[in-house]
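Below: the structure, in structure tokens.
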Amino acid sequence: MKTMERELGIKAEVIKKALSVSIEAHKSPGKPCLVEGKIPNSPSQVVVAFPGSWSLTDWFAGDSEAKPFGETKIDTKKFRSLKSISKDVDAVVNEAFMARFLRILDDGSGTFRAEVTKAVKKKNQIVFAGHSSGGPIAIYATVWFLEEYGRSNETQTSRPLCLTFGSPLTADCTFCHAVQREGWSDCFVHFVTKHDIVPRILLAPRSSTTELLQEIPPFFNPHHKADEAKVALLFGNVMKTASCVASQAACALTESKHTLFDTMSRFIKLSPYRPCGMYVFCTETGRLVVVKNPDAVLQLLFYSLQIESETVLQDTAVASLKAHWTYKDTLEKRLAMHTVVCLENLPELPLSSDNTTNIGATLSDLSLCIPARLCLRAAGVLEKQKVNNQNTIVPKKETIKTALKALSDYRTTSENDGMGMGYYDAFKMQKEEEDFKVNVKRLELAALWDEIIEMIRQEQLPDKFEVDEEWVELGTQFRRLVEPIDIANYYRHLKNEDAGPYMTKGRPRRYQYPQRWREHAEQLEKDSSGESCFWAEVEELNAITNKKPWKEIEYRVLTLEKNLRKWDDKKEVEKDVFLEKSTLVKWWHTLPDNHKANSCIKELIRS
């Protein structure tokens with residue numbers, strides 16, 4: 001039998017300690033966190049657990065109509081990785097939970113930061129943990145740590161672990177995409193009992209969840225007697241909304257249309273929250289089921305808590321609230337049984353209810369019907385297809401490199417032909433046969449990159465593609481060699497007069513996306529890597545310099561010159577930019593004499 005340590009690299013003692021400290025943290029809600037460093041057989045690990053809260057203001061923030069799920073965009077100044085790089089879309093999180101974490105982070109006592117610093121100095125691995133609504137705080141703390149310490153070259157630290165137990169969903173698909181892209185997914189492990197309603201509860205809006213949230217705390221007392229009819233009604237409302245979320249996601253997985261859901265989505269806003277990281281489902285028979293595919297996890301969260309009939313609705317509803325308080329006993333028993341199953345090879349999952357195999361029995365333990373199994377298969381097929389798509393474009397690297405070599409040779413020839421202008425102006429004039437051949441190469445490269453960019457836009461490539469070092473470097477070379485002649489072509493044909501400036505109206509995604517890849521990879525400021533597109537600003541300034549007062553354009557000129565100097569110092573622009581007959585130099589000579597005398601690029605200008 002497989003163990004949790006063998007499957008996920010986590011000792012059972014660590015999991016049990018993380019859970020016990022997380023539950024203990026609930027008893028001290030006034031403390032920012034609870035720290036425990038004494039873990040049996042794991043002296044190099046320390047648990048930092050966060051208390052939960054049942055206050056509605058700690059679950060939901062903002063206007064209920066504008067933010068029915070209490071959602072907000074992440075602060076990318078604190079969490080700069082939590083976004084889609086190419087699309088430049090920030091992740092969405094739960095505002096109230098994030099606010100709680102930030103209060104803990106900036107707590108006047110400095111407890112949390114002090115404990116983290118102490119663990120880092122001792123080279124201990126930190127296990128951020130949380131039960132219930134302490135889980136989201138642990139998730140945000142883990143990402144903060146990965147941003148703060150994981151990228152630092154100053155301190156060598158162990159990657160943290162995040163262990164949550166019955167945590168609600170509090171981050172969107174962009175958050176999940178970013179975590180997977182950065183290679184952080186294996187840091188997050190979420191334990192969910194099959195019947196616990198809390199991990200599903202924020203798939204419904206606050207209008208459906210606020211009353212149910214108040215019904216859950218009393219079930220900490222196993223003898224609590226609730227209004228079963230009321231609990232069943234509230235439970236049913238949550239699961240109906242969860243059904244809509246799961247069904248819409250399933251339609252996306254299978255690329256099928258569902259008229260009802262398309263119509264509903266125009267009037268009903270669905271939850272933005274999605275699973276992130278690895279999930280471990282605890283079944284009644286003792287199995288711990290590990291699922292790493294987030295699309296599959298979402299389907300499991302819905303289908304594993306299905307109601308067989310209306311006659312068992314009340315019993316299921318009550319059981320789902322009780323289950324939230326049974327993690328300690330449940331996990332201790334499951335971990336002792338060493339029955340750990342990882343749902344892998346999702347496209348091949350059996351559809352029949354054959355319980356003679358380990359996988360078949362596991363799917364039955366999770367109460368997965370045929371539609372549920374088909375959804376899991378679809379999640380696996382999509383994941384596999386993304387890898388296949390990446391494999392299809394790998395051979396195109398050599399085609400791209402060959403074409404870029406031809407453009408590089410063209411650039412060198414243009415610089416050395418004695419005409420006093422670089423390849424930008426040579427291409428713009430289109431006087432030689434070689435210019436025509438280069439234009440063909442430009443179009444071929446554009447077609448290749450447009451195909452790749454469209455795959456990214458349609459989310460048809462693995463999340464890690466955007467940070468693949470070879471593609472980032474190739475994208476940078478492509479931008480620097482091809483975008484200048486794309487700009488030359490744009491202004492040669494006076495497209496700016498019809499469509500507007502290149503940078504606001506004409507710049508293709510095939511240059512925007514690779515620029516963002518590089519800025520992310522090198523942790524540069526947004527839009528700072530504009531060395532491939534400055535020619536567009538030169539063209540725009542060239543058109544207005546003699547038409548507008550100097551004071552109106554001075555700042556733009558100074559900014560351009562400052563950037564050119566920076567890019568030249570870093571060898572990110574070639575010397576042909578400053579040849580005496582280039583568009584840049586001819587325009588620069590029209591500027592006021594007193595400005596030129598103090599210009600930061602005056603010694604770069606060849607004249």
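In the structure tokens, chains take letters A, B, ... by order of appearance, with residues numbered from 1 within each chain and ligands from 1 in the order shown.
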
Can you tell me, as JSON, numbers by chain, what residues are no more than 7 Å from A:Lys464 when counting only C-alpha atoms, ignoring any on the same chain fewer than 4 positions away? {"A": [180, 181, 182, 468]}

May I have the residues within 12 Å of A:His595 as a list in words, using only C-alpha atoms and disregarding those fewer than 5 positions away in the same chain? Trp550, Lys551, Glu554, Tyr555, Val557, Leu558, Glu561, Trp588, His589, Thr590, Cys600, Ile601 and Lys602 of chain A

Output for the residues just chosen: C-alpha atoms as a PDB file, in the first residue's frame:
```pdb
ATOM      1  CA  TRP A 550       8.640  72.131 -27.274  1.00  0.00           C
ATOM      2  CA  LYS A 551       7.200  72.130 -23.756  1.00  0.00           C
ATOM      3  CA  GLU A 554       9.772  67.653 -23.940  1.00  0.00           C
ATOM      4  CA  TYR A 555       8.839  64.985 -21.406  1.00  0.00           C
ATOM      5  CA  VAL A 557      11.612  63.225 -25.724  1.00  0.00           C
ATOM      6  CA  LEU A 558      13.460  63.018 -22.414  1.00  0.00           C
ATOM      7  CA  GLU A 561      16.352  59.413 -24.669  1.00  0.00           C
ATOM      8  CA  TRP A 588      17.081  64.210 -33.137  1.00  0.00           C
ATOM      9  CA  HIS A 589      18.987  66.892 -35.066  1.00  0.00           C
ATOM     10  CA  THR A 590      15.728  68.882 -35.412  1.00  0.00           C
ATOM     11  CA  CYS A 600      22.099  61.902 -22.439  1.00  0.00           C
ATOM     12  CA  ILE A 601      22.494  60.304 -25.882  1.00  0.00           C
ATOM     13  CA  LYS A 602      24.502  63.040 -27.599  1.00  0.00           C
TER      14      LYS A 602
END
```

Using DSSP secondary structure from the backbone, list all strand (DSSP E or B) positions within stretch 124-207 of chain A, as a PyMOL selection string. chain A and resi 125-131+161-165+171-172+188-193

Any idea what's packed within 6 Å of stretch 361-372 of chain A, counting only C-alpha atoms, ignoring anything in its chain fewer than 5 positions away? Could you give it as a list in words?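 So, after excluding close chain neighbours, the residues are Ser304, Leu351 and Asn355 of chain A.
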
Counting only C-alpha atoms, what is within 8 Å of A:Gln477, bar same-chain residues fewer than 4 positions away, as a VMD selection string? chain A and resid 404 473 481

Counting only C-alpha atoms, what is within 7 Å of stretch 526-531 of chain A, bar same-chain residues fewer than 6 positions away, as a ChimeraX atom specification? /A:515,519,567,572-573

Can you tell me which residues surround A:Cys533 at a distance of at most 8 Å, considering only C-alpha atoms, apart from same-chain residues fewer than 4 positions away, and format the answer as a compact mmCIF listing (two decimals) with C-alpha atoms, in the first residue's frame?
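Wrote around_20.txt, looks like this:
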```txt
# COMPACT_ATOMS: atom_id res chain seq x y z
CA GLU A 483 9.24 44.28 -34.45
CA PRO A 484 11.35 47.21 -35.73
CA ILE A 487 6.93 49.22 -37.26
CA GLU A 537 7.66 56.62 -30.54
```
